[in-house]
>>> print(open('work.cif').read())   # mmCIF, C-alpha atoms
data_protein
#
loop_
_atom_site.label_atom_id
_atom_site.label_comp_id
_atom_site.auth_asym_id
_atom_site.auth_seq_id
_atom_site.Cartn_x
_atom_site.Cartn_y
_atom_site.Cartn_z
CA MET A 1178 -12.13 -17.77 -1.29
CA ASN A 1179 -9.22 -17.74 1.15
CA THR A 1180 -9.91 -17.67 4.87
CA GLY A 1181 -7.87 -17.13 8.01
CA PRO A 1182 -4.84 -14.83 8.39
CA VAL A 1183 -3.65 -13.09 5.24
CA GLY A 1184 -0.31 -14.25 3.84
CA VAL A 1185 2.14 -11.34 3.63
CA ALA A 1186 5.49 -10.89 1.91
CA VAL A 1187 7.85 -8.04 2.77
CA VAL A 1188 9.82 -6.85 -0.27
CA GLY A 1189 12.89 -4.81 0.64
CA ALA A 1190 14.95 -5.87 3.66
CA GLY A 1191 16.50 -2.50 4.42
CA VAL A 1192 16.57 -0.56 7.70
CA ILE A 1193 12.81 -0.01 8.04
CA SER A 1194 11.95 -3.67 7.37
CA ALA A 1195 12.97 -4.70 10.90
CA GLU A 1196 10.21 -2.59 12.45
CA TYR A 1197 7.61 -3.86 9.99
CA LEU A 1198 8.59 -7.48 10.51
CA ARG A 1199 8.56 -7.09 14.28
CA THR A 1200 5.15 -5.43 14.33
CA LEU A 1201 3.47 -7.58 11.69
CA GLY A 1202 4.68 -10.70 13.46
CA SER A 1203 2.57 -9.71 16.48
CA PHE A 1204 -0.73 -9.47 14.57
CA PRO A 1205 -2.68 -12.76 14.40
CA ASP A 1206 -4.61 -11.64 11.29
CA ILE A 1207 -1.31 -11.62 9.37
CA ARG A 1208 0.88 -14.59 8.48
CA LEU A 1209 4.39 -13.61 7.43
CA VAL A 1210 5.25 -15.86 4.50
CA ALA A 1211 8.29 -14.40 2.75
CA VAL A 1212 10.99 -11.72 2.59
CA ALA A 1213 12.52 -10.56 -0.69
CA ASP A 1214 15.46 -8.32 -1.48
CA LEU A 1215 17.86 -7.55 -4.32
CA LEU A 1216 20.58 -8.95 -2.03
CA PRO A 1217 19.62 -12.57 -1.25
CA GLU A 1218 21.76 -12.69 1.88
CA ARG A 1219 19.94 -9.69 3.31
CA ALA A 1220 16.55 -11.30 2.69
CA THR A 1221 17.78 -14.55 4.27
CA ALA A 1222 19.10 -12.76 7.35
CA ALA A 1223 15.84 -10.84 7.87
CA ALA A 1224 13.74 -13.96 7.39
CA ARG A 1225 15.86 -15.93 9.84
CA THR A 1226 15.73 -13.18 12.48
CA HIS A 1227 11.95 -12.90 12.33
CA GLY A 1228 11.05 -16.55 11.76
CA VAL A 1229 9.75 -16.08 8.20
CA PRO A 1230 9.81 -19.36 6.23
CA LEU A 1231 10.74 -18.13 2.72
CA ALA A 1232 13.46 -15.75 1.51
CA GLY A 1233 14.51 -14.91 -2.02
CA ASP A 1234 14.27 -12.43 -4.86
CA LEU A 1235 11.08 -10.73 -6.05
CA PRO A 1236 10.05 -13.33 -8.68
CA THR A 1237 10.48 -16.14 -6.14
CA VAL A 1238 8.24 -14.40 -3.62
CA LEU A 1239 5.60 -13.43 -6.19
CA ASP A 1240 5.43 -17.05 -7.39
CA GLU A 1241 4.55 -18.20 -3.87
CA PRO A 1242 0.78 -18.93 -3.79
CA ASP A 1243 0.53 -18.31 -0.03
CA VAL A 1244 1.55 -14.67 -0.56
CA GLU A 1245 -1.64 -12.61 -0.87
CA LEU A 1246 -0.42 -9.13 0.12
CA VAL A 1247 2.95 -7.55 -0.66
CA VAL A 1248 4.41 -4.89 1.65
CA ASN A 1249 6.68 -2.87 -0.62
CA LEU A 1250 9.61 -1.40 1.35
CA THR A 1251 11.97 -0.82 -1.57
CA VAL A 1252 13.67 2.51 -2.31
CA PRO A 1253 11.33 5.22 -3.70
CA ALA A 1254 12.58 4.88 -7.27
CA ALA A 1255 11.50 1.22 -7.31
CA HIS A 1256 8.06 1.63 -5.68
CA ALA A 1257 6.03 1.72 -8.90
CA GLN A 1258 7.95 -1.08 -10.62
CA VAL A 1259 7.69 -3.48 -7.67
CA ALA A 1260 4.03 -2.64 -7.03
CA THR A 1261 3.15 -3.20 -10.69
CA ALA A 1262 4.87 -6.60 -10.69
CA ALA A 1263 3.02 -7.59 -7.52
CA LEU A 1264 -0.37 -6.52 -8.87
CA ARG A 1265 0.23 -8.44 -12.10
CA ALA A 1266 1.05 -11.48 -10.00
CA GLY A 1267 -2.38 -11.15 -8.38
CA LYS A 1268 -1.21 -9.72 -5.05
CA HIS A 1269 -2.71 -6.87 -3.07
CA VAL A 1270 -0.10 -4.18 -2.35
CA TYR A 1271 0.73 -1.86 0.55
CA GLY A 1272 3.70 0.40 -0.16
CA GLU A 1273 6.01 2.62 1.83
CA LYS A 1274 5.99 6.34 1.17
CA PRO A 1275 6.18 8.12 -1.15
CA PHE A 1276 3.51 6.12 -2.96
CA THR A 1277 5.31 6.40 -6.33
CA PRO A 1278 7.83 8.89 -7.72
CA THR A 1279 5.18 10.68 -9.84
CA PRO A 1280 1.38 11.15 -9.86
CA ALA A 1281 1.23 9.66 -13.37
CA GLU A 1282 2.71 6.41 -12.06
CA ALA A 1283 0.28 6.50 -9.13
CA GLU A 1284 -2.67 6.82 -11.50
CA LYS A 1285 -1.45 3.84 -13.53
CA LEU A 1286 -1.07 1.75 -10.37
CA ILE A 1287 -4.53 2.66 -9.11
CA ALA A 1288 -6.03 1.80 -12.52
CA GLU A 1289 -4.15 -1.51 -12.61
CA ALA A 1290 -5.35 -2.49 -9.14
CA SER A 1291 -8.93 -1.53 -9.98
CA GLU A 1292 -8.87 -3.49 -13.22
CA ARG A 1293 -7.60 -6.58 -11.43
CA GLY A 1294 -9.93 -6.24 -8.44
CA LEU A 1295 -7.04 -5.85 -6.02
CA LEU A 1296 -6.58 -3.57 -3.01
CA LEU A 1297 -3.86 -0.94 -2.97
CA GLY A 1298 -2.67 1.25 -0.13
CA GLY A 1299 0.32 3.09 1.19
CA ALA A 1300 2.18 4.55 4.13
CA PRO A 1301 2.31 6.41 6.33
CA ASP A 1302 -0.07 4.70 8.74
CA THR A 1303 1.00 6.82 11.72
CA PHE A 1304 -2.36 8.61 11.55
CA LEU A 1305 -3.90 5.35 12.82
CA GLY A 1306 -1.85 5.64 16.02
CA ALA A 1307 -3.04 6.93 19.37
CA GLY A 1308 -1.58 10.43 19.00
CA LEU A 1309 -3.19 11.51 15.74
CA GLN A 1310 -6.44 9.61 16.36
CA SER A 1311 -6.74 11.45 19.69
CA ALA A 1312 -6.05 14.76 17.91
CA LEU A 1313 -8.78 13.98 15.39
CA ARG A 1314 -11.24 13.21 18.19
CA ALA A 1315 -10.27 16.41 20.04
CA ILE A 1316 -10.97 18.54 16.97
CA ARG A 1317 -14.28 16.79 16.32
CA ALA A 1318 -15.24 17.32 19.96
CA GLY A 1319 -14.80 21.08 19.49
CA HIS A 1320 -11.89 21.61 21.89
CA ILE A 1321 -10.43 24.38 19.69
CA GLY A 1322 -13.69 25.51 18.13
CA VAL A 1323 -13.57 25.78 14.34
CA PRO A 1324 -10.10 24.98 12.91
CA VAL A 1325 -8.57 27.98 11.15
CA ALA A 1326 -4.92 27.23 10.39
CA ALA A 1327 -2.02 24.87 11.06
CA THR A 1328 1.72 25.38 11.39
CA THR A 1329 4.10 22.44 10.93
CA ALA A 1330 7.87 22.15 10.76
CA VAL A 1331 10.35 19.28 10.64
CA GLN A 1332 13.99 20.32 10.51
CA SER A 1333 17.34 18.57 11.00
CA LEU A 1334 20.71 18.13 9.32
CA GLY A 1335 19.44 15.09 7.43
CA PRO A 1336 19.76 11.32 7.80
CA GLU A 1337 23.37 10.88 6.67
CA SER A 1338 24.64 11.07 10.25
CA TRP A 1339 22.90 7.80 11.18
CA HIS A 1340 21.88 5.99 7.98
CA PRO A 1341 24.62 3.74 6.54
CA ASP A 1342 23.55 4.30 2.92
CA PRO A 1343 21.78 7.69 2.76
CA GLY A 1344 22.29 8.57 -0.90
CA PHE A 1345 18.71 7.72 -1.93
CA PHE A 1346 17.36 10.33 0.54
CA TYR A 1347 18.80 13.00 -1.78
CA GLN A 1348 17.54 11.65 -5.10
CA PRO A 1349 14.22 12.38 -6.88
CA GLY A 1350 11.35 10.90 -4.89
CA ALA A 1351 13.04 11.73 -1.58
CA GLY A 1352 14.56 14.83 0.02
CA PRO A 1353 12.90 16.28 3.13
CA LEU A 1354 9.63 16.95 1.27
CA PHE A 1355 9.09 13.45 -0.12
CA ASP A 1356 10.75 11.63 2.80
CA LEU A 1357 9.22 13.45 5.78
CA GLY A 1358 6.45 15.38 4.07
CA PRO A 1359 4.11 12.37 3.80
CA TYR A 1360 3.80 12.17 7.61
CA TYR A 1361 2.82 15.81 7.99
CA LEU A 1362 0.72 16.13 4.84
CA THR A 1363 -1.15 12.88 5.47
CA ALA A 1364 -1.98 14.04 8.98
CA LEU A 1365 -3.18 17.40 7.63
CA VAL A 1366 -5.38 15.75 4.99
CA VAL A 1367 -6.83 13.32 7.55
CA LEU A 1368 -7.63 16.27 9.84
CA PHE A 1369 -8.84 18.82 7.26
CA GLY A 1370 -9.60 17.03 3.99
CA SER A 1371 -8.30 17.71 0.48
CA VAL A 1372 -5.64 20.25 -0.40
CA GLU A 1373 -7.00 22.73 -2.96
CA ARG A 1374 -3.89 24.71 -3.93
CA VAL A 1375 -0.29 25.26 -2.81
CA ALA A 1376 2.50 27.82 -3.03
CA ALA A 1377 6.12 27.11 -2.13
CA THR A 1378 9.80 28.04 -2.18
CA ALA A 1379 12.74 25.63 -2.11
CA ALA A 1380 16.54 25.67 -1.82
CA ARG A 1381 19.49 23.26 -1.87
CA ALA A 1382 22.23 24.09 0.62
CA ARG A 1383 25.01 21.81 -0.68
CA GLU A 1384 25.79 19.97 -3.91
CA ARG A 1385 27.29 16.95 -2.10
CA ARG A 1386 26.93 15.37 1.33
CA THR A 1387 29.04 12.92 3.36
CA VAL A 1388 28.06 9.56 4.82
CA GLY A 1389 28.52 9.75 8.59
CA SER A 1390 28.25 6.12 9.73
CA GLY A 1391 28.63 2.51 8.65
CA PRO A 1392 31.04 0.97 6.13
CA ARG A 1393 30.64 3.90 3.69
CA ALA A 1394 31.47 6.57 6.30
CA GLY A 1395 33.46 9.44 4.80
CA ARG A 1396 32.27 8.94 1.23
CA THR A 1397 30.46 11.78 -0.48
CA PHE A 1398 27.37 11.55 -2.66
CA PRO A 1399 25.42 14.01 -4.88
CA VAL A 1400 22.37 15.99 -3.76
CA ASP A 1401 19.83 16.20 -6.59
CA VAL A 1402 16.76 17.57 -4.78
CA PRO A 1403 15.87 20.64 -2.69
CA THR A 1404 16.87 20.25 0.95
CA HIS A 1405 14.79 23.10 2.43
CA VAL A 1406 11.15 23.56 1.38
CA SER A 1407 8.58 26.02 2.68
CA ALA A 1408 4.96 25.54 1.61
CA LEU A 1409 1.62 27.26 2.01
CA LEU A 1410 -1.42 24.98 1.65
CA ASP A 1411 -5.06 25.94 1.20
CA PHE A 1412 -7.58 23.21 1.98
CA ALA A 1413 -11.00 22.90 0.37
CA SER A 1414 -12.45 23.03 3.90
CA GLY A 1415 -11.17 26.59 4.32
CA VAL A 1416 -8.26 25.74 6.64
CA SER A 1417 -4.76 26.89 5.65
CA ALA A 1418 -1.36 25.54 6.71
CA ASN A 1419 2.24 26.65 6.45
CA SER A 1420 4.82 23.86 6.52
CA THR A 1421 8.60 23.66 6.51
CA PHE A 1422 10.61 20.55 5.56
CA SER A 1423 14.38 20.83 5.94
CA PHE A 1424 17.60 18.80 5.99
CA ASP A 1425 19.62 22.00 6.50
CA SER A 1426 18.99 22.91 10.13
CA ALA A 1427 21.56 22.47 12.90
CA HIS A 1428 18.68 22.94 15.32
CA PRO A 1429 16.42 19.86 15.16
CA ARG A 1430 12.81 20.92 15.33
CA ILE A 1431 9.41 19.24 15.21
CA ARG A 1432 6.28 21.36 15.36
CA PHE A 1433 2.62 20.67 14.60
CA GLU A 1434 0.09 23.18 15.93
CA ILE A 1435 -3.52 23.76 14.94
CA THR A 1436 -5.19 27.09 15.66
CA GLY A 1437 -8.94 27.27 16.07
CA THR A 1438 -11.48 29.90 17.03
CA ASP A 1439 -11.38 28.78 20.68
CA GLY A 1440 -7.80 27.59 21.19
CA THR A 1441 -4.67 25.89 19.89
CA LEU A 1442 -3.87 22.19 19.76
CA ALA A 1443 -0.25 20.98 19.90
CA VAL A 1444 -0.35 17.73 17.92
CA PRO A 1445 2.17 14.90 18.46
CA ASP A 1446 5.00 14.23 16.00
CA PRO A 1447 3.16 12.65 13.02
CA ASN A 1448 6.14 10.34 12.46
CA THR A 1449 5.18 8.54 15.69
CA PHE A 1450 2.16 6.71 17.05
CA ARG A 1451 2.10 8.30 20.52
CA GLY A 1452 1.39 11.58 22.35
CA PRO A 1453 1.60 13.98 23.97
CA LEU A 1454 -1.43 16.01 22.88
CA ARG A 1455 -1.72 19.47 24.44
CA LEU A 1456 -4.44 22.12 24.43
CA ARG A 1457 -4.27 25.85 25.18
CA THR A 1458 -7.62 27.60 25.15
CA ASN A 1459 -8.18 31.29 24.44
CA GLY A 1460 -7.38 33.39 27.50
CA SER A 1461 -5.30 30.68 29.19
CA GLU A 1462 -1.61 31.10 29.92
CA ASP A 1463 -0.96 27.38 30.28
CA TRP A 1464 -1.11 24.24 28.18
CA ARG A 1465 -2.92 21.19 29.48
CA GLU A 1466 -2.54 17.64 28.30
CA LEU A 1467 -5.47 15.83 26.74
CA PRO A 1468 -5.96 12.06 27.01
CA VAL A 1469 -4.19 10.01 24.36
CA THR A 1470 -5.81 6.65 23.71
CA GLY A 1471 -5.38 4.14 20.92
CA ARG A 1472 -2.71 1.97 19.38
CA THR A 1473 1.04 2.51 19.65
CA ASP A 1474 2.17 -0.78 18.08
CA GLY A 1475 4.24 0.83 15.32
CA ARG A 1476 4.48 0.59 11.54
CA GLY A 1477 2.15 -2.04 10.18
CA LEU A 1478 -1.20 -0.81 11.53
CA GLY A 1479 -2.17 0.08 7.98
CA VAL A 1480 -1.17 -3.40 6.80
CA VAL A 1481 -3.37 -5.24 9.28
CA ASP A 1482 -6.23 -2.86 8.46
CA MET A 1483 -5.70 -3.72 4.79
CA ALA A 1484 -5.46 -7.45 5.54
CA ARG A 1485 -8.89 -7.34 7.17
CA ALA A 1486 -10.17 -5.37 4.17
CA VAL A 1487 -8.77 -8.09 1.88
CA ARG A 1488 -11.02 -10.68 3.49
CA ALA A 1489 -13.99 -8.30 3.48
CA HIS A 1490 -13.23 -7.52 -0.18
CA GLU A 1491 -13.17 -11.23 -1.10
CA ALA A 1492 -16.48 -12.06 0.58
CA PRO A 1493 -18.78 -9.97 -1.69
CA ALA A 1494 -16.70 -11.00 -4.73
CA ALA A 1495 -17.30 -14.67 -3.88
CA HIS A 1496 -20.99 -13.90 -3.33
CA ALA A 1497 -21.18 -12.26 -6.77
CA ALA A 1498 -19.41 -15.24 -8.37
CA ARG A 1499 -22.20 -17.45 -7.02
CA GLY A 1500 -24.78 -15.28 -8.77
CA GLY A 1501 -25.40 -12.65 -6.10
CA VAL A 1502 -24.93 -8.90 -6.24
CA ALA A 1503 -21.44 -7.67 -5.38
CA GLY A 1504 -21.21 -5.35 -2.40
CA PRO A 1505 -19.16 -2.16 -2.11
CA VAL A 1506 -15.39 -2.30 -2.37
CA ALA A 1507 -13.81 -2.87 1.04
CA ALA A 1508 -12.42 0.30 2.60
CA VAL A 1509 -8.69 0.69 3.24
CA ARG A 1510 -7.90 3.56 5.59
CA ALA A 1511 -4.29 4.02 4.46
CA SER A 1512 -5.61 3.99 0.93
CA ALA A 1513 -4.10 4.56 -2.49
CA ALA A 1514 -6.43 7.55 -2.88
CA LEU A 1515 -5.06 9.16 0.28
CA ALA A 1516 -1.43 8.37 -0.58
CA GLY A 1517 -2.00 9.56 -4.15
CA HIS A 1518 -3.45 12.89 -3.00
CA VAL A 1519 -0.47 13.46 -0.71
CA LEU A 1520 1.88 12.62 -3.61
CA ALA A 1521 0.02 15.06 -5.86
CA THR A 1522 0.31 17.72 -3.15
CA MET A 1523 4.09 17.23 -2.84
CA THR A 1524 4.46 17.34 -6.61
CA ALA A 1525 2.45 20.57 -6.72
CA ILE A 1526 4.69 22.03 -4.00
CA THR A 1527 7.75 21.15 -6.09
CA ARG A 1528 6.21 22.75 -9.19
CA SER A 1529 5.22 25.88 -7.28
CA ALA A 1530 8.75 26.27 -5.92
CA ALA A 1531 10.08 26.06 -9.48
CA THR A 1532 7.54 28.46 -11.03
CA GLY A 1533 6.86 30.90 -8.19
CA ALA A 1534 3.09 30.56 -8.63
CA PHE A 1535 0.19 28.95 -6.82
CA VAL A 1536 -0.52 25.47 -8.16
CA PRO A 1537 -4.06 24.06 -7.93
CA LEU A 1538 -4.88 20.40 -7.27
CA SER A 1539 -7.73 18.98 -9.31
CA ALA A 1540 -8.24 15.61 -7.64
CA GLN A 1541 -9.91 15.53 -4.24
CA VAL A 1542 -10.00 12.80 -1.59
CA VAL A 1543 -12.36 11.85 1.22
CA PRO A 1544 -10.28 11.45 4.40
CA PRO A 1545 -10.69 8.17 6.29
CA PRO A 1546 -13.04 8.17 9.28
CA PRO A 1547 -11.66 7.80 12.80
CA LEU A 1548 -10.91 4.27 13.98
CA PRO A 1549 -13.76 2.73 15.95
CA GLU A 1550 -13.38 2.75 19.71
CA GLY A 1551 -11.50 -0.34 20.83
CA TRP A 1552 -10.01 -1.13 17.39
CA ASP A 1553 -7.40 -3.80 18.14
CA PRO A 1554 -4.84 -5.07 15.60
CA THR A 1555 -3.75 -7.80 18.04
CA ALA A 1556 -7.22 -9.40 18.04
CA ALA A 1557 -7.71 -12.49 15.90
CA THR A 1558 -10.65 -11.55 13.67
CA LEU A 1559 -9.86 -13.73 10.62
CA THR A 1560 -10.50 -17.38 11.33
CA ALA A 1561 -10.06 -20.27 8.93
CA GLY A 1562 -13.23 -22.04 7.89
#
>>> encode(input="work.cif", output="structure tokens")
Amino acid sequence: MNTGPVGVAVVGAGVISAEYLRTLGSFPDIRLVAVADLLPERATAAARTHGVPLAGDLPTVLDEPDVELVVNLTVPAAHAQVATAALRAGKHVYGEKPFTPTPAEAEKLIAEASERGLLLGGAPDTFLGAGLQSALRAIRAGHIGVPVAATTAVQSLGPESWHPDPGFFYQPGAGPLFDLGPYYLTALVVLFGSVERVAATAARARERRTVGSGPRAGRTFPVDVPTHVSALLDFASGVSANSTFSFDSAHPRIRFEITGTDGTLAVPDPNTFRGPLRLRTNGSEDWRELPVTGRTDGRGLGVVDMARAVRAHEAPAAHAARGGVAGPVAAVRASAALAGHVLATMTAITRSAATGAFVPLSAQVVPPPPLPEGWDPTAATLTAG
């Protein structure tokens, strides 16, 4: 059984990798071992910048025995392929959103991980941040009474104005629903539980878009997914939500409000880890801010939570190997079950928009419990011995 910090490899050295590498490098329960990318020079540059000892392609990284957990930051179309290769190499896997392009691929991944006794999880982990954890505590404390409904919206003109290679945002597995939807839908599921059925409409404003920055500026690329999606969600708990996801709005907008029997809660942007969190009670004309406490470290909170679960997962397995009785599987808060349910919800939204009918979801998920008070990813809890 391994002990001490968990060895981590980051696969995919694109734009988001810099934040992961920065954050993960600050957690003592994680040891950054390697960076991989299809472009070797990009992996080498990222590894050098963040002091990671090994850089190379995917096979090189998966052959490294010190790598125990792979953080999969590749483009959405490659998520399932890279995760499968990592699992078959005996590595635990944490993947960026969306979990996989399709629910069928997600089910295969979950089965593969279970068969191999490996842990599997996925982004977003923003719900572990101070803002959404404080919102969860506020609802459980009864500040708005019984939750009734939620309204969310995220609208902009899309990422091509700032991203140097935005084409993949407009291919299957992306678009505003699959790119931004996971933040909002994960937060909703964490707050209210499983989605039971959905209805939706969708539209595509333009057939082609233009890169606005970087070396490809001025080039056009095809748009193969809806760029404006409106969805109605019914939760098994009885709460409903209406949500808009758009890359077609000249007026940038972020909205996340929860209405209850006693008031309304304005929830922070679920694509961040911070506040503010505001409450307006029935009969009041003013909003007041509620305390926001918890972690604001950034992307990677779910990885350190998984790393600790890896060690907890190994302990009962080692005990069983010595003739004892194996304990329960270690819990991962940003779990494959949660990510898979969100993926199934987005797929159902897409199907509803195409058919014009409500689409039910058969699989249900138990949302993760709130983080314990004082949970600290910067504490060294995994010691060698």
>>> closest_atom_pairs(input="work.cif", of="stretch 1527-1553 of chain A", to="stretch 1360-1374 of chain A", cutoff="9 Å", atoms="all atoms listed in the file", output="tab-separated table")
residue	atom	partner	partner_atom	distance
A:Phe1535	CA	A:Arg1374	CA	6.6
A:Val1536	CA	A:Arg1374	CA	5.5
A:Pro1537	CA	A:Arg1374	CA	4.1
A:Leu1538	CA	A:Glu1373	CA	5.3
A:Ser1539	CA	A:Glu1373	CA	7.4
A:Ala1540	CA	A:Ser1371	CA	8.4
A:Gln1541	CA	A:Ser1371	CA	5.4
A:Val1542	CA	A:Ser1371	CA	5.6
A:Val1543	CA	A:Gly1370	CA	6.5
A:Pro1544	CA	A:Val1367	CA	5.0
A:Pro1545	CA	A:Val1367	CA	6.6
A:Pro1546	CA	A:Val1367	CA	8.3
>>> residues_around(input="work.cif", residues="A:Ala1525", least_positions_apart="3", cutoff="12 Å", atoms="all atoms listed in the file", output="PyMOL selection string")
chain A and resi 1279-1280+1354-1355+1372-1378+1408-1410+1518-1522+1528-1540
>>> resolve_selection(input="work.cif", expression="the PyMOL selection byres ((chain A and resi 1304) around 8)", output="list of chain:residue names")
A:Pro1301, A:Asp1302, A:Thr1303, A:Leu1305, A:Gly1306, A:Gly1308, A:Leu1309, A:Gln1310, A:Thr1363, A:Ala1364, A:Val1367, A:Pro1447, A:Phe1450
>>> resolve_selection(input="work.cif", expression="the PyMOL selection byres ((chain A and resi 1188-1190) around 10)", output="PyMOL selection string")
chain A and resi 1185-1187+1191-1195+1197-1198+1211-1224+1232-1235+1238-1239+1247-1252+1259-1260+1263+1272
>>> resolve_selection(input="work.cif", expression="the PyMOL selection byres ((chain A and resi 1400) around 6)", output="list in words")
Tyr1347, Glu1384, Arg1385, Pro1399, Asp1401 and Val1402 of chain A
>>> residues_around(input="work.cif", residues="A:Thr1261", least_positions_apart="3", cutoff="10 Å", atoms="only C-alpha atoms", output="PyMOL selection string")
chain A and resi 1256-1258+1264-1268+1270+1282+1285-1287+1289-1290
>>> closest_residue(input="work.cif", among="A:Asp1553, A:Leu1467, A:Pro1403, A:Ser1461", to="A:Asp1482", atoms="only C-alpha atoms")
A:Asp1553
>>> closest_residue(input="work.cif", among="A:Asp1439, A:Glu1491, A:Asp1411, A:Glu1337", to="A:Phe1424", atoms="all atoms listed in the file")
A:Glu1337
>>> atom_distance(input="work.cif", atom1="atom CA of A:Tyr1271", atom2="atom CA of A:Ser1420")
26.7 Å
>>> atom_distance(input="work.cif", atom1="atom CA of A:Ala1326", atom2="atom CA of A:Ala1283")
28.9 Å
>>> atom_distance(input="work.cif", atom1="atom CA of A:Leu1442", atom2="atom CA of A:Gly1299")
27.0 Å
>>> closest_residue(input="work.cif", among="A:Leu1456, A:Ala1556, A:Met1523, A:Leu1246", to="A:Ala1351", atoms="all atoms listed in the file")
A:Met1523
>>> residues_around(input="work.cif", residues="A:Asp1342", least_positions_apart="2", cutoff="12 Å", atoms="only C-alpha atoms", output="list in words")
Gly1191, Val1192, Val1252, Pro1336, Glu1337, Ser1338, Trp1339, His1340, Gly1344, Phe1345, Phe1346, Tyr1347, Arg1386, Thr1387, Val1388, Gly1389, Ser1390, Gly1391, Pro1392, Arg1393, Ala1394, Gly1395, Arg1396, Thr1397 and Phe1398 of chain A
>>> closest_residue(input="work.cif", among="A:Arg1457, A:Arg1317, A:His1428, A:Arg1199", to="A:Pro1547", atoms="only C-alpha atoms")
A:Arg1317
>>> closest_residue(input="work.cif", among="A:Ile1526, A:Ala1513, A:Leu1454, A:Ala1489", to="A:Ile1435", atoms="all atoms listed in the file")
A:Leu1454
>>> axis_aligned_box(input="work.cif", around="stretch 1264-1279 of chain A", padding_each_side="4 Å", output="JSON")
{"center_x": 2.6, "center_y": -0.4, "center_z": -5.1, "size_x": 18.5, "size_y": 30.2, "size_z": 21.9}
>>> closest_residue(input="work.cif", among="A:Ser1311, A:Asn1448, A:Thr1555, A:Ser1414", to="A:Thr1200", atoms="all atoms listed in the file")
A:Thr1555
>>> build_atoms(input="work.cif", residues="stretch 1312-1323 of chain A", atoms="N, CA, C and O atoms", output="tab-separated table (two decimals), in the frame of the given file")
chain	number	residue	atom	x	y	z
A	1312	ALA	N	-5.95	13.40	18.43
A	1312	ALA	CA	-6.05	14.76	17.91
A	1312	ALA	C	-7.30	14.92	17.06
A	1312	ALA	O	-8.03	15.93	17.16
A	1313	LEU	N	-7.58	13.94	16.23
A	1313	LEU	CA	-8.78	13.98	15.39
A	1313	LEU	C	-10.04	14.02	16.25
A	1313	LEU	O	-10.96	14.81	16.00
A	1314	ARG	N	-10.07	13.21	17.30
A	1314	ARG	CA	-11.24	13.21	18.19
A	1314	ARG	C	-11.37	14.54	18.92
A	1314	ARG	O	-12.48	15.05	19.11
A	1315	ALA	N	-10.23	15.13	19.32
A	1315	ALA	CA	-10.27	16.41	20.04
A	1315	ALA	C	-10.84	17.52	19.15
A	1315	ALA	O	-11.63	18.36	19.61
A	1316	ILE	N	-10.45	17.53	17.89
A	1316	ILE	CA	-10.97	18.54	16.97
A	1316	ILE	C	-12.46	18.33	16.74
A	1316	ILE	O	-13.26	19.28	16.77
A	1317	ARG	N	-12.86	17.07	16.54
A	1317	ARG	CA	-14.28	16.79	16.32
A	1317	ARG	C	-15.12	17.09	17.55
A	1317	ARG	O	-16.31	17.40	17.42
A	1318	ALA	N	-14.51	17.02	18.72
A	1318	ALA	CA	-15.24	17.32	19.96
A	1318	ALA	C	-15.33	18.82	20.21
A	1318	ALA	O	-15.99	19.25	21.16
A	1319	GLY	N	-14.68	19.64	19.37
A	1319	GLY	CA	-14.80	21.08	19.49
A	1319	GLY	C	-13.87	21.72	20.48
A	1319	GLY	O	-14.09	22.87	20.88
A	1320	HIS	N	-12.79	21.05	20.88
A	1320	HIS	CA	-11.89	21.61	21.89
A	1320	HIS	C	-11.23	22.92	21.46
A	1320	HIS	O	-10.87	23.73	22.33
A	1321	ILE	N	-11.03	23.12	20.15
A	1321	ILE	CA	-10.43	24.38	19.69
A	1321	ILE	C	-11.43	25.18	18.87
A	1321	ILE	O	-11.04	26.14	18.18
A	1322	GLY	N	-12.69	24.83	18.94
A	1322	GLY	CA	-13.69	25.51	18.13
A	1322	GLY	C	-13.56	25.10	16.68
A	1322	GLY	O	-13.32	23.92	16.36
A	1323	VAL	N	-13.69	26.05	15.77
A	1323	VAL	CA	-13.57	25.78	14.34
A	1323	VAL	C	-12.10	25.91	13.94
A	1323	VAL	O	-11.49	26.96	14.15
